[in-house]
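Colleague: File final05.txt below, compact mmCIF, C-alpha atoms and all ligand atoms:
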```txt
# COMPACT_ATOMS: atom_id res chain seq x y z
CA MET A 1 -23.86 14.65 -22.64
CA GLU A 2 -25.30 11.78 -20.68
CA HIS A 3 -27.22 10.82 -23.78
CA LYS A 4 -24.01 10.50 -25.75
CA ALA A 5 -22.37 8.36 -23.03
CA LEU A 6 -25.40 6.05 -22.97
CA GLY A 7 -25.14 5.78 -26.74
CA LEU A 8 -21.50 4.71 -26.43
CA ILE A 9 -22.42 1.99 -23.94
CA HIS A 10 -24.96 0.70 -26.42
CA LYS A 11 -22.38 0.82 -29.21
CA LEU A 12 -19.84 -1.07 -27.08
CA ASP A 13 -22.45 -3.70 -26.31
CA GLU A 14 -23.35 -4.13 -29.98
CA THR A 15 -19.93 -3.93 -31.62
CA HIS A 16 -17.49 -4.65 -28.74
CA HIS A 17 -15.40 -1.77 -30.00
CA LEU A 18 -14.94 1.90 -29.16
CA THR A 19 -12.16 4.25 -30.23
CA THR A 20 -9.73 5.47 -27.57
CA GLU A 21 -11.45 8.88 -27.76
CA GLU A 22 -14.80 7.24 -27.11
CA TYR A 23 -13.45 5.32 -24.09
CA LEU A 24 -12.07 8.61 -22.84
CA TYR A 25 -15.44 10.28 -23.28
CA LEU A 26 -17.12 7.54 -21.24
CA LEU A 27 -14.53 7.91 -18.48
CA GLN A 28 -15.03 11.68 -18.42
CA ASN A 29 -18.81 11.36 -18.20
CA ARG A 30 -19.18 8.87 -15.39
CA THR A 31 -22.46 10.13 -13.94
CA PRO A 32 -24.51 7.95 -11.57
CA GLU A 33 -26.96 7.16 -14.37
CA VAL A 34 -24.20 6.13 -16.78
CA THR A 35 -22.54 4.03 -14.05
CA GLU A 36 -25.76 2.25 -13.12
CA THR A 37 -26.80 1.59 -16.71
CA LEU A 38 -23.37 0.18 -17.51
CA ALA A 39 -23.22 -2.00 -14.37
CA ALA A 40 -26.68 -3.45 -14.98
CA LEU A 41 -25.75 -4.30 -18.56
CA ALA A 42 -22.41 -5.80 -17.44
CA VAL A 43 -24.09 -8.04 -14.87
CA ARG A 44 -26.59 -9.17 -17.49
CA ARG A 45 -23.84 -10.06 -19.95
CA ALA A 46 -21.79 -11.89 -17.28
CA LYS A 47 -24.82 -13.95 -16.27
CA GLU A 48 -25.51 -14.89 -19.89
CA VAL A 49 -22.08 -16.54 -20.04
CA TYR A 50 -21.34 -17.67 -16.46
CA GLY A 51 -24.77 -17.65 -14.78
CA ASN A 52 -24.67 -16.73 -11.11
CA LYS A 53 -21.48 -18.74 -10.59
CA ILE A 54 -18.39 -17.13 -9.14
CA PHE A 55 -15.08 -18.85 -9.84
CA ILE A 56 -12.50 -19.02 -7.07
CA ARG A 57 -8.72 -19.25 -7.38
CA GLY A 58 -6.46 -20.30 -4.54
CA LEU A 59 -3.60 -17.83 -4.43
CA MET A 60 -0.23 -19.18 -3.32
CA GLU A 61 2.30 -16.40 -2.76
CA VAL A 62 5.34 -18.53 -3.48
CA SER A 63 8.11 -15.96 -2.89
CA ASN A 64 8.56 -12.27 -2.15
CA ILE A 65 12.15 -12.27 -3.36
CA CYS A 66 12.33 -10.02 -6.39
CA ARG A 67 15.03 -8.86 -8.75
CA ASN A 68 12.89 -5.99 -10.03
CA GLY A 69 12.56 -2.49 -8.67
CA CYS A 70 9.01 -1.43 -9.60
CA HIS A 71 8.61 1.92 -7.84
CA TYR A 72 5.08 1.20 -6.56
CA CYS A 73 5.59 -2.29 -5.19
CA GLY A 74 6.23 -3.17 -1.56
CA ILE A 75 8.37 -6.21 -2.40
CA SER A 76 10.62 -4.26 -4.78
CA ARG A 77 14.33 -5.11 -4.55
CA GLU A 78 14.80 -1.56 -3.22
CA ASN A 79 12.79 -2.27 -0.07
CA LYS A 80 15.44 -3.21 2.47
CA ALA A 81 12.81 -3.38 5.24
CA CYS A 82 11.02 -6.28 3.54
CA GLN A 83 11.63 -9.66 5.20
CA ARG A 84 12.10 -12.11 2.38
CA TYR A 85 10.81 -15.68 2.16
CA ARG A 86 10.32 -18.45 -0.37
CA LEU A 87 7.99 -21.42 0.03
CA THR A 88 9.47 -24.87 -0.43
CA PRO A 89 7.85 -27.12 -3.03
CA GLU A 90 6.53 -29.22 -0.11
CA GLN A 91 4.83 -26.15 1.36
CA MET A 92 3.27 -25.39 -2.04
CA PHE A 93 1.93 -28.94 -2.34
CA ALA A 94 0.51 -28.74 1.18
CA CYS A 95 -1.21 -25.43 0.32
CA ALA A 96 -2.67 -27.00 -2.78
CA GLN A 97 -3.94 -30.03 -0.83
CA GLU A 98 -5.58 -27.76 1.70
CA GLY A 99 -7.09 -25.72 -1.11
CA TYR A 100 -8.31 -28.81 -2.91
CA ASP A 101 -10.06 -30.04 0.22
CA LEU A 102 -11.75 -26.64 0.54
CA GLY A 103 -13.07 -26.78 -3.04
CA PHE A 104 -10.45 -24.93 -5.06
CA ARG A 105 -9.81 -26.25 -8.57
CA THR A 106 -7.38 -23.54 -9.69
CA PHE A 107 -4.08 -22.78 -7.99
CA VAL A 108 -2.29 -19.55 -8.75
CA MET A 109 1.46 -19.49 -8.11
CA GLN A 110 2.34 -15.82 -7.77
CA GLY A 111 5.59 -14.30 -6.68
CA GLY A 112 8.33 -11.80 -7.09
CA GLU A 113 10.82 -12.40 -9.88
CA ASP A 114 12.90 -14.76 -7.81
CA SER A 115 15.89 -16.19 -9.68
CA TRP A 116 15.59 -19.43 -7.70
CA PHE A 117 12.62 -20.30 -9.91
CA THR A 118 14.55 -21.65 -12.87
CA ASP A 119 12.71 -23.81 -15.39
CA GLN A 120 14.55 -26.79 -13.96
CA ARG A 121 12.96 -26.16 -10.58
CA LEU A 122 9.55 -24.99 -11.77
CA VAL A 123 8.81 -27.72 -14.29
CA PRO A 124 8.76 -30.55 -11.71
CA ILE A 125 6.64 -28.44 -9.33
CA ILE A 126 4.06 -27.80 -12.04
CA ARG A 127 4.13 -31.46 -13.15
CA HIS A 128 3.65 -32.61 -9.59
CA LEU A 129 0.67 -30.29 -9.03
CA LYS A 130 -0.96 -31.45 -12.26
CA GLU A 131 -0.39 -35.12 -11.38
CA GLN A 132 -1.61 -34.75 -7.82
CA PHE A 133 -4.66 -32.73 -8.88
CA PRO A 134 -5.53 -33.73 -12.44
CA ASP A 135 -8.87 -31.94 -12.32
CA CYS A 136 -7.25 -28.60 -11.42
CA ALA A 137 -5.83 -25.72 -13.42
CA VAL A 138 -2.46 -24.19 -12.60
CA THR A 139 -2.05 -20.47 -13.17
CA LEU A 140 1.36 -18.83 -13.02
CA SER A 141 2.06 -15.20 -12.16
CA LEU A 142 5.83 -15.12 -12.00
CA GLY A 143 6.63 -12.13 -14.14
CA GLU A 144 8.73 -11.71 -17.26
CA ARG A 145 10.61 -14.72 -18.63
CA SER A 146 11.97 -15.81 -21.99
CA ARG A 147 9.71 -17.34 -24.61
CA GLU A 148 11.58 -20.63 -24.23
CA SER A 149 10.90 -20.61 -20.51
CA TYR A 150 7.19 -19.91 -21.03
CA GLU A 151 7.11 -22.81 -23.49
CA ALA A 152 8.72 -25.15 -20.97
CA LEU A 153 6.22 -24.14 -18.28
CA PHE A 154 3.33 -24.61 -20.67
CA ASP A 155 4.63 -28.03 -21.72
CA ALA A 156 4.90 -28.96 -18.04
CA GLY A 157 1.14 -28.43 -17.82
CA ALA A 158 0.58 -24.84 -16.67
CA ASP A 159 -2.76 -23.67 -18.04
CA ARG A 160 -2.85 -19.93 -17.50
CA TYR A 161 -0.49 -17.00 -17.00
CA LEU A 162 -1.18 -13.64 -15.41
CA LEU A 163 1.08 -10.76 -16.38
CA ARG A 164 -0.42 -7.34 -15.96
CA HIS A 165 0.72 -4.98 -18.67
CA GLU A 166 0.60 -2.23 -15.98
CA THR A 167 0.06 0.57 -18.53
CA ALA A 168 -0.33 0.66 -22.30
CA ASP A 169 1.59 3.94 -22.45
CA PRO A 170 5.39 3.52 -22.62
CA VAL A 171 6.00 7.00 -21.18
CA HIS A 172 3.77 6.25 -18.19
CA TYR A 173 5.50 2.86 -17.83
CA GLY A 174 8.84 4.65 -17.61
CA LYS A 175 7.61 6.73 -14.66
CA LEU A 176 6.55 3.65 -12.70
CA HIS A 177 9.58 1.46 -13.34
CA PRO A 178 13.37 1.70 -13.19
CA ALA A 179 15.32 2.03 -16.42
CA ASP A 180 16.28 -1.67 -16.53
CA LEU A 181 12.64 -2.66 -17.08
CA SER A 182 11.22 -2.23 -20.53
CA TRP A 183 7.62 -1.74 -21.61
CA GLU A 184 8.41 -3.35 -24.95
CA HIS A 185 9.69 -6.50 -23.26
CA ARG A 186 6.62 -6.80 -21.05
CA MET A 187 4.32 -6.42 -24.05
CA GLN A 188 6.39 -9.00 -25.96
CA CYS A 189 5.99 -11.43 -23.03
CA LEU A 190 2.21 -11.06 -23.25
CA GLN A 191 2.30 -11.77 -26.98
CA ASP A 192 4.47 -14.83 -26.42
CA LEU A 193 2.23 -16.19 -23.67
CA HIS A 194 -0.82 -15.87 -25.87
CA GLU A 195 0.84 -17.44 -28.89
CA ILE A 196 2.11 -20.37 -26.83
CA GLY A 197 -1.46 -21.13 -25.84
CA PHE A 198 -1.81 -19.99 -22.25
CA GLN A 199 -5.11 -18.53 -21.16
CA THR A 200 -3.49 -15.15 -20.67
CA GLY A 201 -4.30 -12.29 -18.34
CA CYS A 202 -3.15 -8.69 -18.61
CA GLY A 203 -4.27 -5.77 -16.49
CA PHE A 204 -3.32 -2.62 -14.64
CA MET A 205 -3.65 -0.66 -11.43
CA VAL A 206 -6.36 1.99 -11.19
CA GLY A 207 -5.10 5.27 -9.75
CA SER A 208 -1.43 4.43 -10.21
CA PRO A 209 0.92 7.41 -9.90
CA PHE A 210 0.79 9.81 -12.89
CA GLN A 211 -2.09 7.88 -14.48
CA THR A 212 -4.52 10.01 -16.49
CA LEU A 213 -7.94 9.10 -17.88
CA LEU A 214 -6.30 9.10 -21.31
CA ASN A 215 -3.85 6.43 -20.05
CA ILE A 216 -6.81 4.33 -18.96
CA ALA A 217 -8.55 4.84 -22.30
CA LYS A 218 -5.38 3.53 -23.97
CA ASP A 219 -5.38 0.55 -21.59
CA LEU A 220 -8.92 -0.23 -22.71
CA THR A 221 -7.93 -0.04 -26.37
CA TYR A 222 -4.97 -2.32 -25.70
CA ILE A 223 -7.18 -4.86 -23.91
CA GLU A 224 -9.76 -4.69 -26.70
CA GLU A 225 -7.10 -5.50 -29.29
CA PHE A 226 -5.09 -8.04 -27.30
CA SER A 227 -8.26 -9.84 -26.28
CA PRO A 228 -6.97 -11.66 -23.19
CA GLU A 229 -8.89 -14.48 -21.51
CA MET A 230 -8.45 -12.76 -18.13
CA CYS A 231 -7.91 -9.23 -16.95
CA GLY A 232 -6.82 -8.12 -13.48
CA ILE A 233 -7.55 -4.56 -12.53
CA GLY A 234 -7.54 -3.19 -9.01
CA PRO A 235 -6.88 0.04 -7.18
CA PHE A 236 -3.33 1.18 -6.58
CA ILE A 237 -2.66 1.19 -2.83
CA PRO A 238 0.50 2.89 -1.58
CA HIS A 239 3.12 0.98 0.39
CA ARG A 240 4.90 3.01 3.06
CA ASP A 241 8.36 1.82 2.04
CA THR A 242 8.01 3.04 -1.56
CA ILE A 243 8.41 6.50 -3.08
CA PHE A 244 4.69 6.75 -3.92
CA ARG A 245 2.87 7.49 -0.65
CA ASP A 246 -0.26 9.30 -1.87
CA PHE A 247 -3.58 7.54 -1.79
CA PRO A 248 -5.55 8.22 -4.98
CA ALA A 249 -9.14 9.29 -4.40
CA GLY A 250 -12.08 7.36 -5.78
CA SER A 251 -10.13 4.44 -7.22
CA ALA A 252 -12.58 1.79 -5.96
CA ASP A 253 -15.49 3.37 -7.83
CA LEU A 254 -13.41 3.87 -10.94
CA THR A 255 -12.26 0.24 -10.75
CA CYS A 256 -15.89 -0.90 -10.65
CA PHE A 257 -16.76 1.31 -13.63
CA LEU A 258 -13.86 -0.22 -15.56
CA LEU A 259 -14.92 -3.74 -14.64
CA SER A 260 -18.30 -2.95 -16.21
CA ILE A 261 -16.71 -1.57 -19.38
CA LEU A 262 -14.51 -4.67 -19.69
CA ARG A 263 -17.45 -7.03 -19.20
CA VAL A 264 -19.52 -5.30 -21.89
CA MET A 265 -16.48 -5.15 -24.19
CA LYS A 266 -15.61 -8.85 -23.68
CA PRO A 267 -18.63 -10.72 -22.30
CA ASN A 268 -16.65 -13.96 -21.78
CA ILE A 269 -13.61 -12.51 -20.05
CA LEU A 270 -12.58 -13.88 -16.65
CA LEU A 271 -12.63 -10.82 -14.45
CA PRO A 272 -11.58 -10.88 -10.80
CA ALA A 273 -12.87 -8.62 -8.07
CA THR A 274 -9.31 -8.25 -6.80
CA THR A 275 -7.88 -8.41 -3.30
CA ALA A 276 -6.89 -4.76 -3.64
CA LEU A 277 -10.52 -3.81 -4.28
CA GLY A 278 -11.57 -5.81 -1.20
CA SER A 279 -8.75 -4.23 0.78
CA ILE A 280 -9.78 -0.60 0.32
CA ASP A 281 -13.52 -1.20 0.62
CA PRO A 282 -15.02 -3.84 2.92
CA MET A 283 -17.75 -4.39 0.31
CA GLY A 284 -15.28 -4.16 -2.59
CA ARG A 285 -15.60 -7.74 -3.77
CA GLU A 286 -19.39 -7.57 -3.76
CA LYS A 287 -19.33 -4.24 -5.58
CA GLY A 288 -16.92 -5.69 -8.12
CA ILE A 289 -19.22 -8.61 -8.84
CA LEU A 290 -22.22 -6.31 -9.07
CA SER A 291 -20.21 -4.38 -11.67
CA GLY A 292 -19.54 -7.46 -13.81
CA ALA A 293 -16.63 -9.38 -12.20
CA ASN A 294 -16.95 -13.17 -11.91
CA VAL A 295 -13.79 -14.35 -10.12
CA VAL A 296 -12.37 -14.00 -6.60
CA MET A 297 -8.92 -15.11 -5.51
CA PRO A 298 -8.73 -15.96 -1.81
CA ASN A 299 -5.36 -16.39 -0.17
CA LEU A 300 -4.05 -19.93 0.30
CA SER A 301 -0.54 -19.01 1.40
CA PRO A 302 0.64 -20.40 4.75
CA PRO A 303 -0.42 -17.93 7.50
CA GLU A 304 3.18 -17.35 8.61
CA VAL A 305 4.20 -15.82 5.25
CA ARG A 306 0.99 -13.94 4.52
CA ASP A 307 2.21 -10.81 6.31
CA LYS A 308 5.33 -10.78 4.22
CA TYR A 309 3.78 -10.74 0.75
CA MET A 310 2.93 -7.06 1.08
CA LEU A 311 2.67 -5.45 -2.32
CA TYR A 312 0.84 -2.61 -0.56
CA ASN A 313 -0.19 -1.75 3.00
CA ASN A 314 -3.36 -3.02 4.68
CA LYS A 315 -3.66 -5.91 2.27
CA LEU A 316 -6.55 -8.16 3.22
CA ARG A 317 -5.35 -11.54 4.37
CA THR A 318 -7.86 -12.78 6.89
CA GLY A 319 -11.63 -12.92 7.06
CA PRO A 320 -13.31 -13.81 3.79
CA GLU A 321 -10.00 -13.22 2.06
CA ALA A 322 -8.48 -16.29 3.68
CA ALA A 323 -9.19 -19.43 1.71
CA GLN A 324 -9.92 -21.17 5.00
CA ASN A 325 -12.97 -18.94 5.44
CA LEU A 326 -14.67 -20.00 2.28
CA ILE A 327 -17.96 -20.34 4.15
CA SER A 328 -17.92 -16.64 4.94
CA LEU A 329 -17.14 -15.81 1.30
CA GLN A 330 -19.90 -18.19 0.19
CA ASN A 331 -22.36 -16.38 2.48
CA ARG A 332 -21.34 -13.01 1.15
CA MET A 333 -21.77 -14.19 -2.43
CA GLN A 334 -25.16 -15.68 -1.62
CA SER A 335 -26.28 -12.41 -0.07
CA ILE A 336 -25.92 -10.78 -3.48
CA GLY A 337 -27.44 -13.70 -5.39
CA TYR A 338 -24.31 -15.62 -6.43
CA GLU A 339 -22.76 -19.01 -5.69
CA ILE A 340 -19.19 -20.21 -5.57
CA ALA A 341 -18.44 -22.92 -8.13
CA VAL A 342 -16.24 -25.92 -7.36
CA ASP A 343 -14.82 -25.84 -10.86
CA ARG A 344 -11.64 -25.06 -12.78
CA GLY A 345 -13.49 -22.05 -14.13
CA ASP A 346 -11.96 -21.96 -17.58
CA PHE A 347 -12.52 -19.23 -20.13
CA GLN A 348 -15.61 -20.06 -22.18
CA ALA A 349 -15.06 -19.30 -25.81
CA ASN A 350 -18.13 -18.45 -27.87
N1 LIG B 1 6.05 -10.25 -10.10
C1 LIG B 1 4.90 -10.66 -10.83
C2 LIG B 1 3.64 -10.85 -10.03
C3 LIG B 1 3.49 -10.17 -8.71
S1 LIG B 1 2.97 -8.50 -8.68
C4 LIG B 1 4.65 -9.70 -11.96
O1 LIG B 1 5.36 -8.71 -12.06
O2 LIG B 1 3.79 -9.96 -12.76
C5 LIG B 1 1.25 -8.62 -9.06
C6 LIG B 1 0.58 -7.30 -9.36
O3 LIG B 1 0.38 -6.54 -8.18
C7 LIG B 1 1.36 -6.35 -10.24
O4 LIG B 1 1.21 -6.68 -11.59
C8 LIG B 1 0.78 -4.97 -9.88
O5 LIG B 1 -0.17 -4.54 -10.86
C9 LIG B 1 0.11 -5.22 -8.52
N2 LIG B 1 0.65 -4.31 -7.50
C10 LIG B 1 1.95 -4.12 -7.17
N3 LIG B 1 2.06 -3.12 -6.27
C11 LIG B 1 0.82 -2.68 -6.02
C12 LIG B 1 0.28 -1.65 -5.19
N4 LIG B 1 1.07 -0.88 -4.45
N5 LIG B 1 -1.06 -1.47 -5.19
C13 LIG B 1 -1.86 -2.25 -5.93
N6 LIG B 1 -1.42 -3.22 -6.74
C14 LIG B 1 -0.09 -3.44 -6.79
```
Spit out the file's structure as structure tokens when you get a sec.
Ligand code: SAH
Modeller:
Amino acid sequence: MEHKALGLIHKLDETHHLTTEEYLYLLQNRTPEVTETLAALAVRRAKEVYGNKIFIRGLMEVSNICRNGCHYCGISRENKACQRYRLTPEQMFACAQEGYDLGFRTFVMQGGEDSWFTDQRLVPIIRHLKEQFPDCAVTLSLGERSRESYEALFDAGADRYLLRHETADPVHYGKLHPADLSWEHRMQCLQDLHEIGFQTGCGFMVGSPFQTLLNIAKDLTYIEEFSPEMCGIGPFIPHRDTIFRDFPAGSADLTCFLLSILRVMKPNILLPATTALGSIDPMGREKGILSGANVVMPNLSPPEVRDKYMLYNNKLRTGPEAAQNLISLQNRMQSIGYEIAVDRGDFQAN
């Protein structure tokens, strides 16, 4: 049994392909030996491409106003208890300046699907950021938009776009989202983003409600085929104001296992040890990196709004998670043999 799983790891390393059934087999046979072998291989492959450098991204949570009603998300339109805010462009530029001075060379604008962010308003913000910080990358994570809108944002200078696919199974998608959101549309957005030329990131939550190991195996097949430049996976963490209150067991370990699979599948992929992973395990970021991740995304949002961008409860927002404490993050990375790079941290093609 273990022998077969080890054989599959070897096959994935050699061919960068497994069938969905084979991914499922690996997930069902996650023994300590399999986990350790996979993690060691993943770290080796990451170091061959990115050395011992960890890329950092300054996360600006630009708005928690959202027109969507994702059942798992704390800033869903359904959450009447959520106090809403939106940063002004001036606040965003100030965040970016602070981040630049700290050593960030990528800014991520993430937010709810806030209708205020029309192309007319976003294009000048992106242009301004790119003019003020010409050596920096701008990543957007603003949800589903039209192809024309994505084109306008790309032409304004945005370099990357994060849009988690959430689940590769349309039936599972339907259980996590209200009827006005469509799996097909989200997948089409990802296609559009990639075709337009963004470095594109998909991804999913680990331990999301109703998720099975077969769902995850299908996610892996989707990622293998789509071949994104980035992939964000992190544990699902319940938010008290949503309908999903149960905490899934073991999602941090499973996340780390999946990070290793993704690294061996796509040695060049940009793979964050996410805030959610750091939030449920104080050593989560370190464990993620020691499983093959090579990116961390500290929070650059103004302190007064940080409490309000609550996708889930107990989200890390201080300590090494705060961009201002980069020294502490640097120390933690050094303690496991890594260094933070002052660099845009682009995807390195072969
Ligand atoms: N609105 C944008 C970006 C913000 S949400 C979008 O839809 O892309 C960013 C990600 O947070 C989501 O893609 C989801 O995977 C994750 N997320 C939302 N709620 C979460 C929860 N309760 N636990 C863990 N991750 C969550």
Colleague: Could you report the residues within 9 Å of ligand LIG 1 (chain B), using all atoms listed in the file, as a PyMOL selection string?
Modeller: chain A and resi 61+64+66+68+70-76+110-114+140-144+162-166+202-206+208+232-239+242+244+275-277+310-313
Colleague: Of the residues A:Gln97, A:Cys82, A:Glu22, A:Ile261, which is the one nearest to Ile65 (chain A), using only C-alpha atoms?
Modeller: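 Nearest to Ile65 (chain A): A:Cys82.
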Colleague: Can you measure CA of His10 (chain A) to CA of Phe55 (chain A) for me? One decimal in Å is fine.
Modeller: 27.5 Å
Colleague: Work out how far CA of Thr221 (chain A) is from CA of His3 (chain A), in Å to one decimal.
Modeller: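 The value is 22.3 Å.
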Colleague: Give me, as a ChimeraX atom specification, all polymer residues having an atom no more than 9 Å from Gly288 (chain A), counting only C-alpha atoms and skipping those fewer than 6 positions away in the same chain.
Modeller: /A:252,255-257,259-260,272-274,277-278,294
Colleague: Can you work out the spacing between CA of Val108 (chain A) and CA of Arg67 (chain A) in Å, to one decimal?
Modeller: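 Between these atoms lies a distance of 20.4 Å.
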Colleague: Taking all atoms listed in the file into account, produce a table as CSV in which each residue of region 267-328 of chain A with an atom at most 10 Å from an atom of region 33-40 of chain A appears once, together with its shortest atom pair and the distance in Å to one decimal, ordered by chain and rising number.
Modeller:
```
residue,atom,partner,partner_atom,distance
A:Lys287,CA,A:Ala39,CA,9.9
A:Gly288,CA,A:Ala39,CA,9.6
A:Ile289,CA,A:Ala39,CA,9.5
A:Leu290,CA,A:Ala39,CA,6.9
A:Ser291,CA,A:Ala39,CA,4.7
A:Gly292,CA,A:Ala39,CA,6.6
```
